[in-house]
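Structure data (mmCIF, N, CA and C atoms) from upload-v8.cif:
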data_structure
#
loop_
_atom_site.label_atom_id
_atom_site.label_comp_id
_atom_site.auth_asym_id
_atom_site.auth_seq_id
_atom_site.Cartn_x
_atom_site.Cartn_y
_atom_site.Cartn_z
N MET A 1 -86.71 3.13 -36.01
CA MET A 1 -85.63 4.03 -36.29
C MET A 1 -85.94 5.45 -35.83
N GLU A 2 -87.20 5.80 -35.86
CA GLU A 2 -87.58 7.12 -35.41
C GLU A 2 -87.39 7.27 -33.90
N GLU A 3 -87.56 6.18 -33.18
CA GLU A 3 -87.43 6.24 -31.73
C GLU A 3 -86.02 6.61 -31.29
N SER A 4 -85.01 6.11 -31.99
CA SER A 4 -83.64 6.43 -31.60
C SER A 4 -83.28 7.87 -31.89
N ASN A 5 -83.93 8.52 -32.84
CA ASN A 5 -83.66 9.92 -33.14
C ASN A 5 -84.27 10.85 -32.10
N ASN A 6 -85.30 10.40 -31.38
CA ASN A 6 -85.98 11.24 -30.39
C ASN A 6 -85.34 11.15 -29.01
N VAL A 7 -84.36 10.27 -28.79
CA VAL A 7 -83.72 10.13 -27.49
C VAL A 7 -82.79 11.32 -27.27
N LYS A 8 -82.97 12.00 -26.13
CA LYS A 8 -82.13 13.17 -25.82
C LYS A 8 -81.14 12.80 -24.73
N SER A 9 -79.98 13.37 -24.78
CA SER A 9 -78.96 13.14 -23.77
C SER A 9 -79.26 13.99 -22.54
N THR A 10 -79.21 13.39 -21.40
CA THR A 10 -79.47 14.12 -20.15
C THR A 10 -78.20 14.75 -19.60
N GLY A 11 -77.05 14.42 -20.15
CA GLY A 11 -75.80 14.99 -19.66
C GLY A 11 -75.26 14.30 -18.43
N SER A 12 -75.77 13.15 -18.10
CA SER A 12 -75.32 12.46 -16.90
C SER A 12 -74.20 11.46 -17.21
N GLY A 13 -73.61 11.55 -18.36
CA GLY A 13 -72.55 10.64 -18.77
C GLY A 13 -71.21 11.10 -18.25
N TRP A 14 -70.19 10.96 -19.04
CA TRP A 14 -68.81 11.25 -18.64
C TRP A 14 -68.56 12.72 -18.35
N LYS A 15 -69.29 13.61 -18.96
CA LYS A 15 -69.02 15.04 -18.77
C LYS A 15 -69.19 15.45 -17.31
N LYS A 16 -70.22 15.00 -16.65
CA LYS A 16 -70.43 15.36 -15.25
C LYS A 16 -69.51 14.57 -14.32
N SER A 17 -69.20 13.35 -14.66
CA SER A 17 -68.37 12.55 -13.76
C SER A 17 -66.90 12.98 -13.79
N LYS A 18 -66.47 13.70 -14.81
CA LYS A 18 -65.10 14.23 -14.82
C LYS A 18 -64.93 15.25 -13.70
N ASN A 19 -65.92 16.06 -13.45
CA ASN A 19 -65.84 17.06 -12.39
C ASN A 19 -65.93 16.41 -11.01
N PHE A 20 -66.52 15.26 -10.93
CA PHE A 20 -66.68 14.56 -9.66
C PHE A 20 -65.33 14.28 -9.01
N ILE A 21 -64.34 13.88 -9.79
CA ILE A 21 -63.01 13.58 -9.24
C ILE A 21 -62.36 14.83 -8.66
N TYR A 22 -62.62 16.00 -9.25
CA TYR A 22 -62.07 17.24 -8.72
C TYR A 22 -62.71 17.59 -7.37
N TRP A 23 -63.99 17.32 -7.23
CA TRP A 23 -64.67 17.55 -5.96
C TRP A 23 -64.11 16.64 -4.88
N ILE A 24 -63.86 15.39 -5.23
CA ILE A 24 -63.30 14.44 -4.26
C ILE A 24 -61.90 14.89 -3.84
N LEU A 25 -61.05 15.22 -4.81
CA LEU A 25 -59.69 15.69 -4.49
C LEU A 25 -59.72 16.97 -3.66
N GLY A 26 -60.59 17.89 -4.02
CA GLY A 26 -60.71 19.13 -3.26
C GLY A 26 -61.14 18.86 -1.83
N GLY A 27 -62.07 17.93 -1.65
CA GLY A 27 -62.51 17.57 -0.30
C GLY A 27 -61.40 16.95 0.53
N ILE A 28 -60.61 16.09 -0.10
CA ILE A 28 -59.49 15.47 0.61
C ILE A 28 -58.46 16.52 1.03
N ILE A 29 -58.18 17.46 0.16
CA ILE A 29 -57.22 18.53 0.48
C ILE A 29 -57.75 19.38 1.63
N ILE A 30 -59.02 19.72 1.61
CA ILE A 30 -59.60 20.54 2.67
C ILE A 30 -59.54 19.81 4.01
N VAL A 31 -59.85 18.51 4.01
CA VAL A 31 -59.79 17.73 5.25
C VAL A 31 -58.36 17.69 5.77
N PHE A 32 -57.38 17.48 4.88
CA PHE A 32 -55.97 17.44 5.30
C PHE A 32 -55.55 18.77 5.92
N LEU A 33 -55.90 19.87 5.28
CA LEU A 33 -55.53 21.18 5.82
C LEU A 33 -56.22 21.45 7.14
N ALA A 34 -57.47 21.06 7.26
CA ALA A 34 -58.20 21.27 8.52
C ALA A 34 -57.54 20.50 9.66
N ILE A 35 -57.15 19.26 9.41
CA ILE A 35 -56.48 18.46 10.43
C ILE A 35 -55.13 19.06 10.78
N SER A 36 -54.42 19.55 9.78
CA SER A 36 -53.10 20.13 10.01
C SER A 36 -53.16 21.39 10.86
N TYR A 37 -54.24 22.15 10.73
CA TYR A 37 -54.35 23.39 11.48
C TYR A 37 -55.05 23.23 12.82
N MET A 38 -55.41 22.01 13.19
CA MET A 38 -56.07 21.80 14.50
C MET A 38 -55.05 22.06 15.60
N PRO A 39 -55.48 22.69 16.67
CA PRO A 39 -54.53 22.96 17.75
C PRO A 39 -54.09 21.68 18.45
N THR A 40 -52.86 21.71 18.93
CA THR A 40 -52.33 20.58 19.69
C THR A 40 -52.77 20.70 21.14
N GLN A 41 -52.39 19.75 21.97
CA GLN A 41 -52.78 19.77 23.38
C GLN A 41 -52.21 20.98 24.10
N ARG A 42 -51.10 21.48 23.65
CA ARG A 42 -50.46 22.61 24.33
C ARG A 42 -50.82 23.94 23.70
N GLY A 43 -51.74 23.94 22.73
CA GLY A 43 -52.21 25.21 22.18
C GLY A 43 -51.49 25.66 20.93
N GLY A 44 -50.55 24.90 20.41
CA GLY A 44 -49.84 25.31 19.20
C GLY A 44 -50.39 24.63 17.97
N PHE A 45 -49.91 25.05 16.82
CA PHE A 45 -50.30 24.45 15.56
C PHE A 45 -49.07 23.84 14.92
N HIS A 46 -49.21 22.64 14.33
CA HIS A 46 -48.06 21.93 13.80
C HIS A 46 -48.20 21.62 12.32
N LEU A 47 -48.49 22.61 11.49
CA LEU A 47 -48.61 22.32 10.07
C LEU A 47 -47.25 21.91 9.51
N PHE A 48 -46.27 22.76 9.59
CA PHE A 48 -44.93 22.44 9.12
C PHE A 48 -43.87 22.64 10.20
N ALA A 49 -44.28 23.01 11.37
CA ALA A 49 -43.34 23.35 12.43
C ALA A 49 -42.65 22.11 12.98
N GLU A 50 -41.36 22.21 13.08
CA GLU A 50 -40.56 21.14 13.69
C GLU A 50 -39.64 21.79 14.71
N PRO A 51 -39.28 21.06 15.75
CA PRO A 51 -38.36 21.63 16.74
C PRO A 51 -36.99 21.91 16.11
N VAL A 52 -36.37 22.95 16.58
CA VAL A 52 -35.03 23.32 16.13
C VAL A 52 -34.02 22.41 16.82
N GLN A 53 -33.07 21.91 16.06
CA GLN A 53 -32.04 21.04 16.63
C GLN A 53 -31.09 21.86 17.51
N THR A 54 -30.77 21.31 18.66
CA THR A 54 -29.83 21.96 19.57
C THR A 54 -28.99 20.87 20.23
N TYR A 55 -28.24 21.24 21.25
CA TYR A 55 -27.36 20.30 21.95
C TYR A 55 -27.64 20.35 23.44
N TRP A 56 -27.32 19.27 24.12
CA TRP A 56 -27.53 19.17 25.55
C TRP A 56 -26.80 20.28 26.29
N ASN A 57 -25.59 20.60 25.87
CA ASN A 57 -24.83 21.66 26.54
C ASN A 57 -25.55 23.00 26.48
N ASP A 58 -26.19 23.29 25.35
CA ASP A 58 -26.93 24.54 25.21
C ASP A 58 -28.14 24.54 26.15
N VAL A 59 -28.85 23.43 26.21
CA VAL A 59 -30.00 23.33 27.11
C VAL A 59 -29.55 23.47 28.55
N LYS A 60 -28.49 22.74 28.90
CA LYS A 60 -27.99 22.72 30.28
C LYS A 60 -27.45 24.08 30.71
N ASN A 61 -26.63 24.69 29.86
CA ASN A 61 -25.94 25.92 30.25
C ASN A 61 -26.74 27.19 30.04
N ASN A 62 -27.74 27.15 29.18
CA ASN A 62 -28.52 28.37 28.92
C ASN A 62 -29.97 28.24 29.38
N MET A 63 -30.67 27.30 28.82
CA MET A 63 -32.12 27.21 29.06
C MET A 63 -32.45 26.80 30.49
N LEU A 64 -31.80 25.77 31.00
CA LEU A 64 -32.07 25.34 32.38
C LEU A 64 -31.54 26.35 33.39
N ARG A 65 -30.38 26.89 33.13
CA ARG A 65 -29.79 27.87 34.05
C ARG A 65 -30.69 29.10 34.20
N ASN A 66 -31.32 29.52 33.08
CA ASN A 66 -32.19 30.70 33.10
C ASN A 66 -33.63 30.38 33.46
N HIS A 67 -33.90 29.11 33.79
CA HIS A 67 -35.25 28.66 34.15
C HIS A 67 -36.26 28.93 33.03
N ASP A 68 -35.84 28.68 31.79
CA ASP A 68 -36.70 28.91 30.63
C ASP A 68 -37.45 27.66 30.18
N VAL A 69 -37.15 26.51 30.76
CA VAL A 69 -37.73 25.25 30.30
C VAL A 69 -39.00 24.93 31.09
N GLU A 70 -40.08 24.70 30.34
CA GLU A 70 -41.35 24.28 30.95
C GLU A 70 -41.39 22.77 31.13
N GLU A 71 -40.92 22.04 30.10
CA GLU A 71 -41.03 20.58 30.12
C GLU A 71 -39.94 19.96 29.26
N ILE A 72 -39.46 18.81 29.70
CA ILE A 72 -38.51 18.00 28.92
C ILE A 72 -39.19 16.67 28.65
N GLU A 73 -39.28 16.31 27.38
CA GLU A 73 -40.00 15.10 26.98
C GLU A 73 -39.06 14.14 26.25
N VAL A 74 -39.03 12.89 26.69
CA VAL A 74 -38.27 11.85 26.01
C VAL A 74 -39.21 11.21 24.99
N VAL A 75 -38.81 11.24 23.70
CA VAL A 75 -39.72 10.78 22.66
C VAL A 75 -39.56 9.29 22.39
N ASN A 76 -38.39 8.84 22.04
CA ASN A 76 -38.21 7.42 21.69
C ASN A 76 -36.90 6.87 22.26
N LYS A 77 -36.60 7.26 23.47
CA LYS A 77 -35.37 6.88 24.19
C LYS A 77 -34.11 7.42 23.54
N LYS A 78 -34.23 8.18 22.47
CA LYS A 78 -33.06 8.77 21.82
C LYS A 78 -33.24 10.25 21.51
N THR A 79 -34.48 10.72 21.44
CA THR A 79 -34.77 12.10 21.11
C THR A 79 -35.40 12.79 22.31
N ILE A 80 -34.93 13.99 22.59
CA ILE A 80 -35.46 14.80 23.68
C ILE A 80 -36.09 16.04 23.09
N HIS A 81 -37.32 16.34 23.50
CA HIS A 81 -38.00 17.57 23.10
C HIS A 81 -38.01 18.53 24.27
N ILE A 82 -37.71 19.78 23.97
CA ILE A 82 -37.68 20.84 24.97
C ILE A 82 -38.84 21.78 24.71
N TYR A 83 -39.66 21.98 25.73
CA TYR A 83 -40.76 22.94 25.68
C TYR A 83 -40.38 24.14 26.53
N LEU A 84 -40.36 25.30 25.92
CA LEU A 84 -40.03 26.52 26.65
C LEU A 84 -41.27 27.07 27.35
N LYS A 85 -41.03 27.84 28.40
CA LYS A 85 -42.12 28.59 29.02
C LYS A 85 -42.57 29.65 28.00
N LYS A 86 -43.86 29.93 28.00
CA LYS A 86 -44.38 30.92 27.04
C LYS A 86 -43.71 32.28 27.24
N SER A 87 -43.37 32.59 28.46
CA SER A 87 -42.72 33.87 28.74
C SER A 87 -41.28 33.91 28.24
N SER A 88 -40.69 32.76 27.97
CA SER A 88 -39.29 32.70 27.51
C SER A 88 -39.16 32.51 26.01
N TYR A 89 -40.26 32.34 25.31
CA TYR A 89 -40.24 32.06 23.88
C TYR A 89 -39.48 33.14 23.10
N GLN A 90 -39.71 34.40 23.43
CA GLN A 90 -39.09 35.50 22.69
C GLN A 90 -37.57 35.54 22.86
N LYS A 91 -37.05 35.03 23.97
CA LYS A 91 -35.59 35.02 24.18
C LYS A 91 -34.88 34.22 23.09
N TYR A 92 -35.55 33.18 22.58
CA TYR A 92 -34.93 32.26 21.63
C TYR A 92 -35.50 32.41 20.22
N ALA A 93 -36.30 33.44 19.98
CA ALA A 93 -36.97 33.62 18.69
C ALA A 93 -35.97 33.79 17.55
N ASP A 94 -34.77 34.32 17.84
CA ASP A 94 -33.78 34.50 16.78
C ASP A 94 -33.21 33.17 16.29
N ARG A 95 -33.39 32.10 17.04
CA ARG A 95 -32.90 30.78 16.63
C ARG A 95 -33.89 30.04 15.73
N PHE A 96 -35.14 30.52 15.70
CA PHE A 96 -36.17 29.84 14.93
C PHE A 96 -36.17 30.33 13.49
N PRO A 97 -36.43 29.41 12.54
CA PRO A 97 -36.58 29.86 11.16
C PRO A 97 -37.87 30.67 11.06
N GLY A 98 -37.92 31.57 10.13
CA GLY A 98 -39.11 32.40 9.98
C GLY A 98 -40.24 31.67 9.28
N GLY A 99 -41.38 32.30 9.27
CA GLY A 99 -42.53 31.77 8.54
C GLY A 99 -43.24 30.64 9.25
N ILE A 100 -43.89 29.79 8.45
CA ILE A 100 -44.72 28.74 9.01
C ILE A 100 -43.92 27.57 9.55
N SER A 101 -42.62 27.53 9.28
CA SER A 101 -41.82 26.42 9.79
C SER A 101 -41.26 26.71 11.18
N SER A 102 -41.55 27.87 11.72
CA SER A 102 -41.09 28.24 13.05
C SER A 102 -41.90 27.49 14.10
N PRO A 103 -41.26 26.94 15.14
CA PRO A 103 -42.01 26.22 16.17
C PRO A 103 -43.01 27.13 16.87
N SER A 104 -44.13 26.56 17.24
CA SER A 104 -45.17 27.35 17.91
C SER A 104 -44.83 27.54 19.38
N LYS A 105 -45.54 28.45 20.01
CA LYS A 105 -45.33 28.67 21.44
C LYS A 105 -45.76 27.47 22.25
N GLY A 106 -46.63 26.64 21.69
CA GLY A 106 -47.06 25.43 22.37
C GLY A 106 -46.01 24.35 22.39
N GLY A 107 -45.04 24.45 21.49
CA GLY A 107 -43.89 23.57 21.49
C GLY A 107 -44.10 22.24 20.84
N PRO A 108 -43.12 21.40 20.81
CA PRO A 108 -41.78 21.62 21.33
C PRO A 108 -40.99 22.58 20.45
N GLN A 109 -40.13 23.36 21.07
CA GLN A 109 -39.34 24.33 20.33
C GLN A 109 -37.97 23.79 19.96
N PHE A 110 -37.40 22.95 20.79
CA PHE A 110 -36.06 22.41 20.54
C PHE A 110 -36.05 20.90 20.71
N SER A 111 -35.09 20.27 20.06
CA SER A 111 -34.89 18.84 20.26
C SER A 111 -33.41 18.52 20.08
N PHE A 112 -33.00 17.41 20.67
CA PHE A 112 -31.63 16.94 20.48
C PHE A 112 -31.62 15.43 20.71
N GLU A 113 -30.56 14.80 20.24
CA GLU A 113 -30.41 13.36 20.34
C GLU A 113 -29.51 13.02 21.53
N ILE A 114 -29.78 11.88 22.16
CA ILE A 114 -28.95 11.41 23.25
C ILE A 114 -28.45 10.01 22.93
N ALA A 115 -27.34 9.64 23.53
CA ALA A 115 -26.79 8.30 23.32
C ALA A 115 -27.44 7.28 24.25
N SER A 116 -27.64 7.70 25.50
CA SER A 116 -28.17 6.78 26.50
C SER A 116 -29.16 7.52 27.39
N LEU A 117 -30.30 6.94 27.60
CA LEU A 117 -31.31 7.56 28.45
C LEU A 117 -30.86 7.59 29.91
N ASP A 118 -30.15 6.56 30.36
CA ASP A 118 -29.68 6.52 31.75
C ASP A 118 -28.66 7.63 32.02
N VAL A 119 -27.75 7.83 31.10
CA VAL A 119 -26.75 8.88 31.26
C VAL A 119 -27.43 10.25 31.25
N PHE A 120 -28.39 10.44 30.34
CA PHE A 120 -29.10 11.71 30.27
C PHE A 120 -29.85 11.97 31.58
N ASN A 121 -30.54 10.97 32.10
CA ASN A 121 -31.28 11.15 33.35
C ASN A 121 -30.36 11.51 34.51
N SER A 122 -29.20 10.88 34.59
CA SER A 122 -28.28 11.21 35.68
C SER A 122 -27.72 12.62 35.52
N GLU A 123 -27.39 13.03 34.29
CA GLU A 123 -26.90 14.40 34.08
C GLU A 123 -27.99 15.42 34.37
N LEU A 124 -29.22 15.12 33.98
CA LEU A 124 -30.32 16.03 34.24
C LEU A 124 -30.57 16.16 35.74
N ASP A 125 -30.56 15.06 36.45
CA ASP A 125 -30.73 15.10 37.90
C ASP A 125 -29.64 15.91 38.58
N LYS A 126 -28.41 15.73 38.10
CA LYS A 126 -27.28 16.48 38.66
C LYS A 126 -27.45 17.99 38.42
N LYS A 127 -27.89 18.34 37.20
CA LYS A 127 -28.06 19.75 36.86
C LYS A 127 -29.23 20.36 37.65
N LEU A 128 -30.31 19.62 37.80
CA LEU A 128 -31.47 20.14 38.52
C LEU A 128 -31.18 20.26 40.02
N SER A 129 -30.31 19.44 40.55
CA SER A 129 -29.97 19.54 41.97
C SER A 129 -29.15 20.80 42.28
N GLU A 130 -28.52 21.37 41.27
CA GLU A 130 -27.77 22.62 41.46
C GLU A 130 -28.67 23.80 41.74
N PHE A 131 -29.92 23.68 41.34
CA PHE A 131 -30.85 24.79 41.54
C PHE A 131 -31.40 24.71 42.90
#

Kindly present the structure from the file in structure tokens form.
Amino acid sequence: MEESNNVKSTGSGWKKSKNFIYWILGGIIIVFLAISYMPTQRGGFHLFAEPVQTYWNDVKNNMLRNHDVEEIEVVNKKTIHIYLKKSSYQKYADRFPGGISSPSKGGPQFSFEIASLDVFNSELDKKLSEF
């Protein structure tokens, strides 16, 4: 009976393991934020940034006409992403929401939906031949 009275607690029970879960959660959050802030291939950051919705007529009549488009990307045969030239980004800055949800200069800055990829390609070819 005397032996059980001399046993001391080392503190390695539940008290220390409760803090362990906070360290794990904190580590997961830090890893998520680090991945979110990693630069994309084009030099931008995409934490919350999404392309601003626009229409083909706006791209055709304004952006292409003014030679502001760096790249046009077809995402899933229905969505088109527009990447602006870095020198043209400021022209369209008033269309972007403020703060961290604003598209980066690396893009894409705009996107729109199409009904048919074939029709879009023919219209794009026709518009580009005008230049």

The residue from A:Met63, A:Val74, A:Leu128, A:Val52 with the smallest atom-to-atom distance to A:Gly107, counting only C-alpha atoms, is A:Val52

For the PyMOL selection byres (((chain A and resi 79-90 and name CA) around 7) and name CA), applied here, can you spell out every residue it catches as a PyMOL selection string? chain A and resi 68-78+91-93+105+107-114

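Straight-line separation from atom N of A:Glu50 to atom CA of A:Ala34: 17.5 Å.
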
Please, what distance in Å, to one decimal, runs between atom CA of A:Leu64 and atom CA of A:Phe131? 9.3 Å

Atom pair atom N of A:Phe20 + atom C of A:Phe32, distance 20.4 Å

With DSSP run on the backbone, what are the helix (DSSP H, G or I) residues within stretch 20-114 of chain A? I'd like them as an MDAnalysis selection string. chainID A and resid 20:36 56:64 86:95 99:101
